[in-house]
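Engineer: You'll find start-v5.txt just under this line, and it carries compact mmCIF, C-alpha atoms.
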```
# COMPACT_ATOMS: atom_id res chain seq x y z
CA MET A 227 19.72 146.49 -120.53
CA LEU A 228 20.74 148.72 -117.64
CA ARG A 229 22.88 151.47 -119.10
CA THR A 230 25.31 152.44 -121.84
CA HIS A 231 28.49 154.50 -122.09
CA LYS A 232 29.95 155.91 -125.27
CA LEU A 233 33.22 154.31 -126.36
CA GLY A 234 35.44 155.66 -129.13
CA GLU A 235 33.93 156.80 -132.43
CA ALA A 236 30.85 154.62 -132.72
CA ASP A 237 30.96 151.93 -130.02
CA ARG A 238 29.26 151.61 -126.67
CA ILE A 239 30.02 149.82 -123.43
CA ILE A 240 26.75 148.27 -122.34
CA THR A 241 25.76 146.97 -118.91
CA LEU A 242 23.16 144.21 -118.77
CA LEU A 243 21.52 142.27 -115.98
CA SER A 244 21.22 138.68 -117.12
CA ARG A 245 18.93 135.89 -115.94
CA SER A 246 21.68 133.62 -114.70
CA HIS A 247 25.08 135.28 -115.17
CA GLY A 248 24.55 138.38 -113.09
CA LYS A 249 25.67 141.72 -114.38
CA ILE A 250 27.55 141.72 -117.67
CA ARG A 251 29.58 144.53 -119.19
CA ALA A 252 30.37 144.24 -122.85
CA VAL A 253 31.38 146.27 -125.89
CA ALA A 254 28.83 146.75 -128.65
CA LYS A 255 30.77 147.73 -131.72
CA GLY A 256 29.45 150.30 -134.18
CA VAL A 257 26.04 150.61 -132.50
CA ARG A 258 26.04 154.41 -132.59
CA ARG A 259 26.11 154.39 -136.37
CA THR A 260 22.69 154.90 -137.99
CA ALA A 261 23.27 151.77 -140.08
CA SER A 262 23.81 149.59 -137.00
CA LYS A 263 21.76 146.40 -137.14
CA PHE A 264 21.24 146.08 -133.39
CA GLY A 265 21.90 149.55 -131.96
CA SER A 266 18.25 150.11 -131.11
CA ARG A 267 18.06 146.80 -129.26
CA LEU A 268 20.96 147.68 -127.00
CA GLU A 269 19.35 150.70 -125.34
CA PRO A 270 18.43 150.83 -121.65
CA PHE A 271 15.05 149.28 -120.70
CA MET A 272 15.24 146.75 -123.55
CA VAL A 273 15.07 143.01 -122.82
CA VAL A 274 17.30 141.15 -125.25
CA ASP A 275 18.61 137.72 -126.03
CA ALA A 276 22.27 138.53 -126.56
CA GLN A 277 25.32 136.55 -127.60
CA PHE A 278 28.87 137.51 -126.61
CA TYR A 279 32.37 136.29 -127.16
CA GLU A 280 35.00 136.77 -124.55
CA GLY A 281 37.33 139.68 -125.14
CA ARG A 282 40.57 140.46 -123.35
CA THR A 283 38.97 142.84 -120.86
CA LEU A 284 35.30 143.13 -121.82
CA ASP A 285 33.09 140.73 -123.76
CA ILE A 286 32.00 141.71 -127.29
CA VAL A 287 28.35 141.61 -128.36
CA THR A 288 27.94 139.61 -131.55
CA GLN A 289 24.14 139.31 -131.74
CA ALA A 290 21.10 140.75 -130.02
CA GLU A 291 17.43 139.91 -130.50
CA SER A 292 14.59 141.76 -128.78
CA LEU A 293 12.54 139.92 -126.18
CA GLY A 294 10.80 142.99 -124.81
CA SER A 295 10.89 146.47 -126.25
CA TYR A 296 9.87 148.85 -123.48
CA GLY A 297 12.12 151.81 -124.35
CA SER A 298 9.79 153.74 -126.65
CA ASP A 299 6.73 153.34 -124.39
CA ILE A 300 8.73 154.44 -121.36
CA THR A 301 10.39 157.44 -123.02
CA GLY A 302 6.98 158.53 -124.33
CA ASP A 303 6.06 159.31 -120.70
CA TYR A 304 8.64 161.53 -118.99
CA SER A 305 7.61 160.44 -115.47
CA ALA A 306 8.00 156.78 -116.46
CA TYR A 307 11.41 157.55 -117.97
CA THR A 308 12.74 159.11 -114.77
CA ALA A 309 11.29 156.24 -112.68
CA ALA A 310 12.79 153.60 -115.00
CA SER A 311 16.15 155.37 -114.75
CA VAL A 312 16.06 154.97 -110.95
CA MET A 313 15.15 151.30 -111.36
CA VAL A 314 18.06 150.48 -113.67
CA GLU A 315 20.51 152.50 -111.56
CA THR A 316 19.35 150.62 -108.46
CA ALA A 317 19.65 147.27 -110.25
CA ASP A 318 23.14 148.27 -111.41
CA LYS A 319 24.21 149.08 -107.84
CA ILE A 320 22.45 146.22 -106.07
CA THR A 321 23.57 143.34 -108.31
CA ASP A 322 26.98 141.89 -109.06
CA ASP A 323 28.50 139.17 -111.24
CA ASP A 324 26.89 136.31 -109.26
CA GLY A 325 23.43 136.77 -110.69
CA SER A 326 20.01 136.80 -109.13
CA LEU A 327 17.05 135.49 -111.09
CA GLN A 328 14.70 137.23 -108.66
CA GLN A 329 16.30 140.64 -109.26
CA TYR A 330 16.18 140.04 -113.01
CA LEU A 331 12.49 139.05 -113.00
CA LEU A 332 11.60 141.93 -110.69
CA LEU A 333 13.26 144.51 -112.93
CA VAL A 334 11.76 143.12 -116.14
CA GLY A 335 8.32 143.03 -114.51
CA ALA A 336 8.66 146.61 -113.24
CA LEU A 337 9.78 147.94 -116.65
CA ARG A 338 6.94 146.09 -118.36
CA SER A 339 4.47 147.51 -115.86
CA LEU A 340 5.76 151.05 -116.50
CA ALA A 341 5.60 150.59 -120.28
CA ARG A 342 2.03 149.26 -120.09
CA LYS A 343 0.99 151.89 -117.53
CA GLU A 344 -0.48 149.18 -115.30
CA HIS A 345 -0.14 151.25 -112.11
CA PRO A 346 0.74 154.85 -111.20
CA VAL A 347 4.41 155.52 -111.99
CA SER A 348 5.35 156.70 -108.50
CA LEU A 349 3.84 153.61 -106.81
CA THR A 350 5.50 151.27 -109.32
CA LEU A 351 8.88 152.83 -108.55
CA ASP A 352 8.44 152.71 -104.77
CA SER A 353 7.23 149.11 -104.91
CA TYR A 354 10.21 148.13 -107.08
CA LEU A 355 12.70 149.74 -104.70
CA LEU A 356 11.22 148.06 -101.61
CA ARG A 357 11.15 144.66 -103.28
CA ALA A 358 14.62 144.98 -104.80
CA LEU A 359 16.03 145.83 -101.37
CA SER A 360 14.12 142.91 -99.82
CA ILE A 361 15.61 140.46 -102.34
CA ALA A 362 19.04 141.91 -101.58
CA GLY A 363 18.51 141.11 -97.90
CA TRP A 364 17.32 144.48 -96.59
CA ALA A 365 13.60 143.76 -96.27
CA PRO A 366 11.98 146.53 -94.22
CA SER A 367 9.47 145.71 -91.52
CA PHE A 368 6.16 147.58 -91.61
CA GLY A 369 4.35 145.43 -89.05
CA ASP A 370 6.34 144.07 -86.13
CA CYS A 371 9.09 146.09 -84.49
CA ALA A 372 12.28 145.73 -86.55
CA VAL A 373 14.41 145.61 -83.35
CA THR A 374 12.45 143.62 -80.77
CA GLY A 375 9.94 141.78 -82.94
CA GLU A 376 7.13 143.22 -80.79
CA PRO A 377 3.85 142.91 -82.71
CA GLY A 378 2.60 146.12 -84.36
CA PRO A 379 1.16 148.39 -85.35
CA HIS A 380 4.04 150.83 -84.82
CA THR A 381 4.28 154.27 -86.38
CA VAL A 382 7.89 155.28 -85.80
CA PHE A 383 10.03 154.53 -88.85
CA VAL A 384 13.82 154.39 -88.59
CA ALA A 385 15.65 153.46 -91.81
CA GLN A 386 18.85 152.64 -89.91
CA LEU A 387 17.00 150.08 -87.74
CA GLY A 388 15.26 148.39 -90.67
CA GLY A 389 11.66 149.65 -90.53
CA VAL A 390 9.06 150.55 -87.95
CA VAL A 391 10.09 150.24 -84.34
CA ALA A 392 8.35 150.22 -80.97
CA ASP A 393 8.26 153.58 -79.18
CA ARG A 394 10.52 152.38 -76.38
CA VAL A 395 13.43 151.54 -78.70
CA ALA A 396 12.96 154.46 -81.10
CA PRO A 397 15.83 156.99 -81.05
CA PRO A 398 14.69 160.41 -79.81
CA GLY A 399 13.37 162.65 -82.58
CA SER A 400 12.52 159.79 -84.96
CA PRO A 401 9.73 160.68 -87.43
CA ARG A 402 6.28 159.29 -86.70
CA LEU A 403 4.24 158.27 -89.74
CA ASP A 404 0.53 158.24 -90.40
CA SER A 405 -0.73 154.66 -89.89
CA ARG A 406 -2.22 154.80 -93.43
CA THR A 407 1.24 155.59 -94.83
CA ILE A 408 2.63 152.53 -93.03
CA ALA A 409 -0.22 150.48 -94.52
CA LEU A 410 0.62 151.88 -97.98
CA LEU A 411 4.30 150.92 -97.58
CA ALA A 412 3.27 147.40 -96.55
CA SER A 413 0.99 147.16 -99.59
CA LEU A 414 3.80 148.31 -101.91
CA LEU A 415 6.12 145.70 -100.44
CA SER A 416 3.59 142.89 -100.79
CA GLY A 417 2.23 144.05 -104.17
CA ASP A 418 -1.30 144.71 -102.94
CA TRP A 419 -2.11 147.20 -105.69
CA ALA A 420 -5.78 147.71 -104.87
CA ASP A 421 -4.90 149.03 -101.40
CA ALA A 422 -1.85 150.95 -102.66
CA GLU A 423 -3.82 152.79 -105.35
CA ALA A 424 -6.50 153.73 -102.83
CA ALA A 425 -3.99 155.85 -100.86
CA ASP A 426 -4.26 159.62 -101.21
CA ASP A 427 -1.56 161.95 -102.62
CA ARG A 428 -0.23 162.95 -99.20
CA GLN A 429 0.29 159.34 -98.12
CA GLN A 430 1.91 158.48 -101.45
CA SER A 431 4.25 161.45 -101.17
CA GLN A 432 5.20 160.54 -97.58
CA ALA A 433 5.75 156.90 -98.57
CA SER A 434 7.98 157.96 -101.49
CA GLY A 435 10.14 160.00 -99.13
CA ILE A 436 10.50 157.03 -96.76
CA VAL A 437 11.35 154.63 -99.61
CA ALA A 438 13.96 157.06 -100.99
CA ALA A 439 15.60 157.48 -97.57
CA TYR A 440 15.55 153.74 -96.90
CA THR A 441 17.04 152.95 -100.33
CA GLN A 442 19.83 155.51 -100.10
CA PHE A 443 20.73 154.41 -96.57
CA HIS A 444 21.09 150.73 -97.49
CA LEU A 445 22.86 151.30 -100.82
CA GLU A 446 25.36 153.44 -98.88
CA ARG A 447 25.63 155.84 -101.82
CA SER A 448 23.27 158.23 -103.47
CA LEU A 449 21.23 157.34 -106.52
CA ARG A 450 21.89 160.15 -108.97
CA SER A 451 18.66 159.57 -110.86
CA LEU A 452 16.48 159.76 -107.74
CA GLN A 453 16.65 163.56 -107.52
CA HIS A 454 15.33 163.82 -111.11
CA VAL A 455 12.22 161.69 -110.57
CA ASP A 456 9.21 163.46 -112.01
CA ARG A 457 6.12 162.74 -109.93
CA THR A 458 3.94 165.45 -111.47
CA THR A 459 1.80 163.08 -113.51
CA ALA A 460 2.26 160.04 -111.32
CA MET B 208 56.13 153.86 -118.05
CA TYR B 209 58.33 156.56 -119.50
CA GLU B 210 60.31 159.20 -117.67
CA GLY B 211 59.14 162.70 -116.87
CA ILE B 212 57.49 164.82 -119.50
CA VAL B 213 57.01 162.04 -122.07
CA GLN B 214 54.81 160.14 -119.60
CA GLU B 215 53.01 163.39 -118.74
CA LEU B 216 52.23 163.92 -122.43
CA ILE B 217 50.95 160.33 -122.76
CA ASP B 218 48.79 160.77 -119.65
CA GLU B 219 47.32 164.06 -120.92
CA LEU B 220 46.60 162.63 -124.38
CA GLY B 221 45.02 159.58 -122.75
CA ARG B 222 42.47 161.83 -121.05
CA LEU B 223 41.02 162.85 -124.43
CA PRO B 224 37.80 161.09 -125.52
CA GLY B 225 38.39 157.99 -127.60
CA ILE B 226 42.15 157.93 -126.90
CA GLY B 227 43.30 154.84 -125.01
CA PRO B 228 46.79 154.30 -123.52
CA LYS B 229 48.15 152.73 -126.73
CA SER B 230 46.84 155.51 -128.95
CA ALA B 231 48.16 158.12 -126.51
CA GLN B 232 51.61 156.54 -126.67
CA ARG B 233 51.50 156.44 -130.50
CA ILE B 234 50.47 160.12 -130.74
CA ALA B 235 53.13 161.13 -128.20
CA PHE B 236 55.88 159.46 -130.20
CA HIS B 237 54.51 160.95 -133.41
CA ILE B 238 54.80 164.40 -131.81
CA LEU B 239 58.38 163.65 -130.72
CA GLN B 240 59.33 162.75 -134.29
CA THR B 241 57.48 165.67 -135.91
CA GLU B 242 59.13 168.89 -137.13
CA SER B 243 59.30 171.45 -134.34
CA VAL B 244 57.35 174.05 -136.35
CA ASP B 245 54.35 171.73 -136.75
CA VAL B 246 54.24 170.98 -133.03
CA THR B 247 54.44 174.69 -132.22
CA ARG B 248 51.54 175.36 -134.59
CA LEU B 249 49.48 172.62 -132.91
CA ALA B 250 50.22 174.06 -129.47
CA GLU B 251 49.24 177.56 -130.66
CA VAL B 252 45.95 176.34 -132.15
CA LEU B 253 45.08 174.48 -128.94
CA THR B 254 45.71 177.62 -126.88
CA GLU B 255 43.86 179.85 -129.35
CA VAL B 256 40.81 177.63 -129.52
CA ARG B 257 40.38 177.77 -125.75
CA GLU B 258 40.87 181.55 -125.67
CA LYS B 259 38.82 182.58 -128.69
CA VAL B 260 36.04 180.04 -129.11
CA HIS B 261 33.02 180.21 -126.87
CA PHE B 262 29.29 179.59 -127.09
CA CYS B 263 26.88 181.82 -129.01
CA VAL B 264 24.84 183.89 -126.55
CA ILE B 265 21.65 183.14 -128.51
CA CYS B 266 21.79 179.53 -129.67
CA GLY B 267 24.71 177.98 -127.79
CA ASN B 268 26.61 177.01 -130.95
CA VAL B 269 30.39 177.41 -130.96
CA THR B 270 31.64 180.73 -132.31
CA GLU B 271 34.55 183.14 -132.11
CA GLN B 272 32.21 186.12 -131.79
CA GLU B 273 29.36 186.95 -129.44
CA GLN B 274 26.81 185.51 -131.90
CA CYS B 275 27.45 182.64 -134.30
CA SER B 276 27.34 183.13 -138.09
CA ILE B 277 23.92 181.44 -138.33
CA CYS B 278 22.27 183.73 -135.76
CA ARG B 279 23.85 186.78 -137.47
CA ASP B 280 22.72 185.73 -140.97
CA PRO B 281 19.71 187.92 -141.99
CA ARG B 282 18.71 185.43 -144.71
CA ARG B 283 17.86 182.72 -142.18
CA SER B 284 14.23 182.31 -141.14
CA HIS B 285 13.58 183.46 -137.58
CA ALA B 286 10.25 181.61 -137.53
CA THR B 287 11.79 178.14 -137.15
CA ILE B 288 14.17 176.82 -134.52
CA CYS B 289 15.83 173.41 -134.75
CA VAL B 290 16.72 172.07 -131.29
CA VAL B 291 19.80 169.85 -131.18
CA GLU B 292 21.82 168.24 -128.39
CA GLU B 293 25.35 169.31 -129.30
CA ALA B 294 27.05 171.96 -131.43
CA LYS B 295 28.37 169.21 -133.73
CA ASP B 296 24.74 168.34 -134.58
CA VAL B 297 24.35 171.84 -136.08
CA SER B 298 26.98 171.06 -138.71
CA ALA B 299 25.33 167.67 -139.39
CA VAL B 300 21.99 169.39 -140.15
CA GLU B 301 23.72 172.17 -142.09
CA ARG B 302 25.32 169.57 -144.39
CA THR B 303 21.81 168.59 -145.57
CA ARG B 304 21.24 172.16 -146.95
CA GLU B 305 17.54 171.55 -146.22
CA PHE B 306 17.10 173.74 -143.18
CA LYS B 307 17.08 177.55 -143.42
CA GLY B 308 16.01 178.45 -139.90
CA LEU B 309 17.92 178.97 -136.64
CA TYR B 310 19.26 176.49 -134.10
CA HIS B 311 19.20 175.98 -130.37
CA VAL B 312 21.88 173.81 -128.79
CA LEU B 313 20.72 172.20 -125.53
CA GLY B 314 24.17 171.08 -124.44
CA GLY B 315 23.22 167.43 -123.96
CA ALA B 316 20.19 165.26 -123.29
CA ILE B 317 18.23 164.45 -120.14
CA SER B 318 19.85 161.44 -118.50
CA PRO B 319 18.88 160.99 -114.83
CA ILE B 320 21.24 158.03 -114.42
CA ASP B 321 24.16 160.34 -115.34
CA GLY B 322 22.77 163.06 -113.08
CA VAL B 323 21.66 165.27 -116.00
CA GLY B 324 18.22 166.79 -115.53
CA PRO B 325 16.28 169.48 -117.43
CA ASP B 326 17.87 172.24 -115.34
CA ASP B 327 21.32 171.23 -116.58
CA LEU B 328 20.38 171.94 -120.21
CA ARG B 329 19.71 175.23 -122.04
CA ILE B 330 15.94 174.75 -121.89
CA ARG B 331 15.21 178.00 -120.03
CA GLN B 332 17.06 179.92 -122.77
CA LEU B 333 14.91 178.17 -125.40
CA LEU B 334 11.72 179.26 -123.63
CA GLN B 335 13.06 182.85 -123.53
CA ARG B 336 13.61 182.76 -127.31
CA LEU B 337 10.00 181.65 -127.83
CA ALA B 338 8.52 184.32 -125.58
CA ASP B 339 8.07 187.08 -128.21
CA GLY B 340 5.96 184.91 -130.56
CA THR B 341 8.27 185.25 -133.61
CA VAL B 342 8.97 181.52 -133.68
CA THR B 343 6.11 179.47 -135.16
CA GLU B 344 7.80 176.06 -135.35
CA VAL B 345 10.25 174.19 -133.13
CA ILE B 346 11.85 171.14 -134.72
CA ILE B 347 13.16 168.75 -132.08
CA ALA B 348 16.25 167.08 -133.55
CA THR B 349 17.65 165.31 -130.50
CA ASP B 350 19.39 161.97 -131.07
CA PRO B 351 17.08 159.03 -131.87
CA ASN B 352 18.23 157.14 -128.77
CA LEU B 353 16.68 156.72 -125.35
CA GLU B 354 17.96 159.97 -123.83
CA GLY B 355 17.17 161.93 -126.99
CA GLU B 356 13.61 160.59 -127.14
CA ALA B 357 13.03 161.33 -123.44
CA THR B 358 14.34 164.88 -123.95
CA ALA B 359 11.98 165.28 -126.92
CA THR B 360 9.07 164.05 -124.77
CA TYR B 361 9.95 166.54 -122.04
CA LEU B 362 10.26 169.44 -124.51
CA THR B 363 7.00 168.52 -126.24
CA ARG B 364 5.21 168.67 -122.89
CA LEU B 365 6.84 172.00 -122.09
CA LEU B 366 6.37 173.75 -125.42
CA VAL B 367 2.60 173.50 -125.65
CA GLN B 368 1.56 177.06 -126.44
CA PRO B 369 -0.84 178.68 -128.91
CA GLY B 370 0.56 179.41 -132.36
CA LEU B 371 3.60 177.15 -131.91
CA ARG B 372 4.02 173.97 -133.92
CA VAL B 373 6.34 171.39 -132.35
CA THR B 374 7.72 168.75 -134.71
CA ARG B 375 10.14 165.85 -134.27
CA LEU B 376 12.60 164.62 -136.88
CA ALA B 377 11.34 161.46 -138.60
CA SER B 378 12.88 158.11 -137.72
CA GLY B 379 13.03 155.24 -140.12
CA LEU B 380 14.98 153.32 -142.68
CA PRO B 381 18.40 154.49 -143.83
CA VAL B 382 18.64 155.40 -147.50
CA GLY B 383 20.37 152.65 -149.49
CA GLY B 384 19.58 149.88 -146.99
CA ASP B 385 17.63 146.63 -147.40
CA LEU B 386 14.30 146.30 -145.59
CA GLU B 387 15.07 142.76 -144.43
CA TYR B 388 18.06 143.94 -142.42
CA ALA B 389 16.16 146.67 -140.56
CA ASP B 390 15.72 146.05 -136.85
CA GLU B 391 12.16 145.88 -135.53
CA VAL B 392 12.36 149.13 -133.54
CA THR B 393 13.49 151.19 -136.53
CA LEU B 394 11.05 149.47 -138.87
CA GLY B 395 8.26 150.03 -136.34
CA ARG B 396 9.12 153.74 -136.23
CA ALA B 397 9.12 153.86 -140.03
CA PHE B 398 5.60 152.44 -140.04
CA GLU B 399 4.45 154.88 -137.37
CA GLY B 400 5.85 157.81 -139.30
CA ARG B 401 4.65 156.74 -142.76
CA ARG B 402 3.19 159.51 -144.91
CA VAL B 403 0.73 159.83 -147.75
CA VAL B 404 2.39 159.67 -151.16
CA GLU B 405 1.07 162.37 -153.45
CA PRO B 406 0.35 161.18 -157.02
```
Please rewrite the model in this file as structure tokens.

Structural biologist:
Amino acid sequence: MLRTHKLGEADRIITLLSRSHGKIRAVAKGVRRTASKFGSRLEPFMVVDAQFYEGRTLDIVTQAESLGSYGSDITGDYSAYTAASVMVETADKITDDDGSLQQYLLLVGALRSLARKEHPVSLTLDSYLLRALSIAGWAPSFGDCAVTGEPGPHTVFVAQLGGVVADRVAPPGSPRLDSRTIALLASLLSGDWADAEAADDRQQSQASGIVAAYTQFHLERSLRSLQHVDRTTA
Amino acid sequence: MYEGIVQELIDELGRLPGIGPKSAQRIAFHILQTESVDVTRLAEVLTEVREKVHFCVICGNVTEQEQCSICRDPRRSHATICVVEEAKDVSAVERTREFKGLYHVLGGAISPIDGVGPDDLRIRQLLQRLADGTVTEVIIATDPNLEGEATATYLTRLLVQPGLRVTRLASGLPVGGDLEYADEVTLGRAFEGRRVVEP
């Protein structure tokens, strides 16, 4: 479940990312009533097995069974809630009706990781964003030069060019990163959690800024939830 | 499509929440067939409500005066504040006749995906009301959905201070329902929030 919008007196329009049918928008009737049988299952961050029938404009939800209930664990931690909001907004913007099993599995895994507090919230979010962009075809390079392919290490990062670049092709004034921050970004992309968690606060903060800039550049629109991310307890 | 002002009326009605194009058209034609005096009265009320009704300077509830009737009522307990999302939630709690304290209307719930953060709600005003130590309990009565729960979590973290009890409305089974039809999330909450039954 990605997000919901209120509709009429007691209905909701829900947006889901499915395993094989891409993004689905459907009407869930009466789910805002306290007596609703599946209202709680159709909240963001829930993983459900849902059945629909085709409506004239939107499909109608007829049944929903929980497969993974991460909502209450995530909302119990405000930092996790803001991070999960960025994840579902990114998934909403990055996917379409065609479907991507990889994007689906990545999002479910990231939400589960947040709910179970497997890794620091901020790192989980940054890792999700880098991997989601990679699956979508915008994999950043943190080793070889993104322009010339020249072997690294390089320390100049340019979001517009797709990652780190050699000094000779870097536009003037491009920011130069600490080599440990570059290593952290590479660890987040590959899922090397032991190395990622060993990074200090300054490197994590710098990496988060880079990931945010890279994400917003490639999505070509701002993520509204990103400015509300709470990293105080991450 | 209709001509001129009829289409304008349908378009304006269609901008109201819960009113689709068909409903807007039905209401527009109802207005056209209604006695002129009734339509005039409706227009006057709409204008009046925008001019006279505003938000209570203390709690954020809707009122025609500077303070709402609940904040002005000397019989209400000033030691308890019930925090709700919207002004319409105040009337829902009032209908129970169980609560005799004051209210605080946040003006929504934290929803990052909709661009609503803590600074967009009346949380600073709530903290100001708690500053003098009169309030001993804050009851968080935000909606039992994802945004409401996240807002409650945020407030709980923020309101930790000596002498202040922070409580959350119980979640659980609706009165008159069958246990077998309860969904697992609600039933799980009911178990979490179970209480000792006094003999």

Engineer: Tell me which protein, DNA and RNA residues are within 10 Å of Asp393 in chain A, counting only C-alpha atoms, leaving out same-chain ones fewer than 5 positions away, and put them as a list of chain:residue names.

Structural biologist: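 Near neighbours after the sequence-gap exclusion: A:Cys371, A:His380, A:Thr381, A:Val382, A:Phe383, A:Pro398, A:Ser400, A:Arg402.
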
Engineer: With all atoms listed in the file considered, list every residue of chain A at most 8 Å from chain B, as number ranges by chain.

Structural biologist: A: 233-235, 260-261, 263-264, 266-267, 269-270, 295, 297-298, 301-304, 307-308, 311-312, 315, 449-452, 454-455

Engineer: Write the selection just made, keeping C-alpha atoms, as a CSV table (one decimal), in the coordinates of the input?

Structural biologist:
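Okay, part-v8.csv is ready:
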```
chain,number,residue,atom,x,y,z
A,233,LEU,CA,33.2,154.3,-126.4
A,234,GLY,CA,35.4,155.7,-129.1
A,235,GLU,CA,33.9,156.8,-132.4
A,260,THR,CA,22.7,154.9,-138.0
A,261,ALA,CA,23.3,151.8,-140.1
A,263,LYS,CA,21.8,146.4,-137.1
A,264,PHE,CA,21.2,146.1,-133.4
A,266,SER,CA,18.2,150.1,-131.1
A,267,ARG,CA,18.1,146.8,-129.3
A,269,GLU,CA,19.4,150.7,-125.3
A,270,PRO,CA,18.4,150.8,-121.6
A,295,SER,CA,10.9,146.5,-126.2
A,297,GLY,CA,12.1,151.8,-124.4
A,298,SER,CA,9.8,153.7,-126.6
A,301,THR,CA,10.4,157.4,-123.0
A,302,GLY,CA,7.0,158.5,-124.3
A,303,ASP,CA,6.1,159.3,-120.7
A,304,TYR,CA,8.6,161.5,-119.0
A,307,TYR,CA,11.4,157.6,-118.0
A,308,THR,CA,12.7,159.1,-114.8
A,311,SER,CA,16.2,155.4,-114.8
A,312,VAL,CA,16.1,155.0,-111.0
A,315,GLU,CA,20.5,152.5,-111.6
A,449,LEU,CA,21.2,157.3,-106.5
A,450,ARG,CA,21.9,160.2,-109.0
A,451,SER,CA,18.7,159.6,-110.9
A,452,LEU,CA,16.5,159.8,-107.7
A,454,HIS,CA,15.3,163.8,-111.1
A,455,VAL,CA,12.2,161.7,-110.6
```

Engineer: I'd like the interatomic distance between CA of Gln232 in chain B and CA of Glu219 in chain B, to a tenth of an Å.

Structural biologist: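 CA of Glu219 in chain B lies 10.4 Å from CA of Gln232 in chain B.
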
Engineer: Near Val384 in chain A, counting only C-alpha atoms, which residues have an atom at most 10 Å away, once you skip same-chain residues fewer than 5 positions from it, shown as a count of residues only?

Structural biologist: 13

Engineer: Which residue gives the smallest distance to Asp299 in chain A among A:Arg238, A:Arg428, A:Arg282, A:Arg338, with all atoms listed in the file counted?

Structural biologist: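 Counting all atoms listed in the file, the residue closest to Asp299 in chain A is A:Arg338.
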
Engineer: Would you kindly return, as a compact mmCIF listing (two decimals) with C-alpha atoms, keeping the file's coordinate frame, each protein, DNA or RNA residue with an atom no farther than 10 Å from any atom of range 295-301 of chain B, considering only C-alpha atoms and excluding same-chain residues fewer than 5 positions away?

Structural biologist:
```
# COMPACT_ATOMS: atom_id res chain seq x y z
CA ASN B 268 26.61 177.01 -130.95
CA VAL B 269 30.39 177.41 -130.96
CA ILE B 277 23.92 181.44 -138.33
CA CYS B 289 15.83 173.41 -134.75
CA VAL B 290 16.72 172.07 -131.29
CA PHE B 306 17.10 173.74 -143.18
CA LYS B 307 17.08 177.55 -143.42
CA LEU B 309 17.92 178.97 -136.64
CA TYR B 310 19.26 176.49 -134.10
CA HIS B 311 19.20 175.98 -130.37
CA VAL B 312 21.88 173.81 -128.79
CA ALA B 348 16.25 167.08 -133.55
CA THR B 349 17.65 165.31 -130.50
CA ASP B 350 19.39 161.97 -131.07
```

Engineer: Neighbours of Ile361 in chain A within 9 Å (all atoms listed in the file; same-chain residues fewer than 6 positions away dropped), as a ChimeraX atom specification?

Structural biologist: /A:326,328-329

Engineer: Expressed in Å to a single decimal, how great is the separation between CA of Ile346 in chain B and CA of Ser378 in chain B?

Structural biologist: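 Interatomic distance here is 13.4 Å.
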
Engineer: Can you list, as a list of chain:residue names, every protein, DNA or RNA residue that comes within 8 Å of Ala231 in chain B when you count only C-alpha atoms, leaving out same-chain residues fewer than 5 positions away?

Structural biologist: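 With the cut-off at 8 Å, the set is B:Ile217, B:Asp218, B:Leu220, B:Gly221, B:Ile226.
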
Engineer: Write the residues of the selection above to a file with C-alpha atoms, as a tab-separated table (two decimals), in the coordinates of the input.

Structural biologist:
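Result went into out18.tsv, see below:
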```
chain	number	residue	atom	x	y	z
B	217	ILE	CA	50.95	160.33	-122.76
B	218	ASP	CA	48.79	160.77	-119.65
B	220	LEU	CA	46.60	162.63	-124.38
B	221	GLY	CA	45.02	159.58	-122.75
B	226	ILE	CA	42.15	157.93	-126.90
```

Engineer: Counting all atoms listed in the file, which residues have an atom no more than 10 Å from (25.1, 149.3, -110.1) in the file's coordinates? Please list them as JSON, numbers by chain.

Structural biologist: {"A": [228, 229, 241, 243, 249, 314, 315, 316, 317, 318, 319, 320, 321, 322, 445, 449]}

Engineer: Quick one: distance from CA of Arg406 in chain A to CA of Leu351 in chain A in Å, one decimal?

Structural biologist: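 About the pair CA of Arg406 in chain A and CA of Leu351 in chain A: they are 18.9 Å apart.
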
Engineer: Quick one: range 259-274 of chain A from the block, C-alpha atoms, as a PDB file, in the first residue's frame.

Structural biologist:
```
ATOM      1  CA  ARG A 259     -16.134   3.851   8.901  1.00  0.00           C
ATOM      2  CA  THR A 260     -15.105   2.369  12.268  1.00  0.00           C
ATOM      3  CA  ALA A 261     -17.077  -0.783  11.425  1.00  0.00           C
ATOM      4  CA  SER A 262     -15.115  -1.371   8.207  1.00  0.00           C
ATOM      5  CA  LYS A 263     -13.884  -4.948   7.934  1.00  0.00           C
ATOM      6  CA  PHE A 264     -10.715  -4.144   6.006  1.00  0.00           C
ATOM      7  CA  GLY A 265     -10.057  -0.439   6.595  1.00  0.00           C
ATOM      8  CA  SER A 266      -7.020  -1.122   8.767  1.00  0.00           C
ATOM      9  CA  ARG A 267      -5.510  -3.390   6.112  1.00  0.00           C
ATOM     10  CA  LEU A 268      -5.695  -0.708   3.445  1.00  0.00           C
ATOM     11  CA  GLU A 269      -3.384   1.785   5.134  1.00  0.00           C
ATOM     12  CA  PRO A 270       0.013   2.796   3.728  1.00  0.00           C
ATOM     13  CA  PHE A 271       2.936   0.460   4.559  1.00  0.00           C
ATOM     14  CA  MET A 272       0.655  -2.601   4.709  1.00  0.00           C
ATOM     15  CA  VAL A 273       1.311  -5.598   2.448  1.00  0.00           C
ATOM     16  CA  VAL A 274      -1.992  -7.129   1.394  1.00  0.00           C
TER      17      VAL A 274
END
```
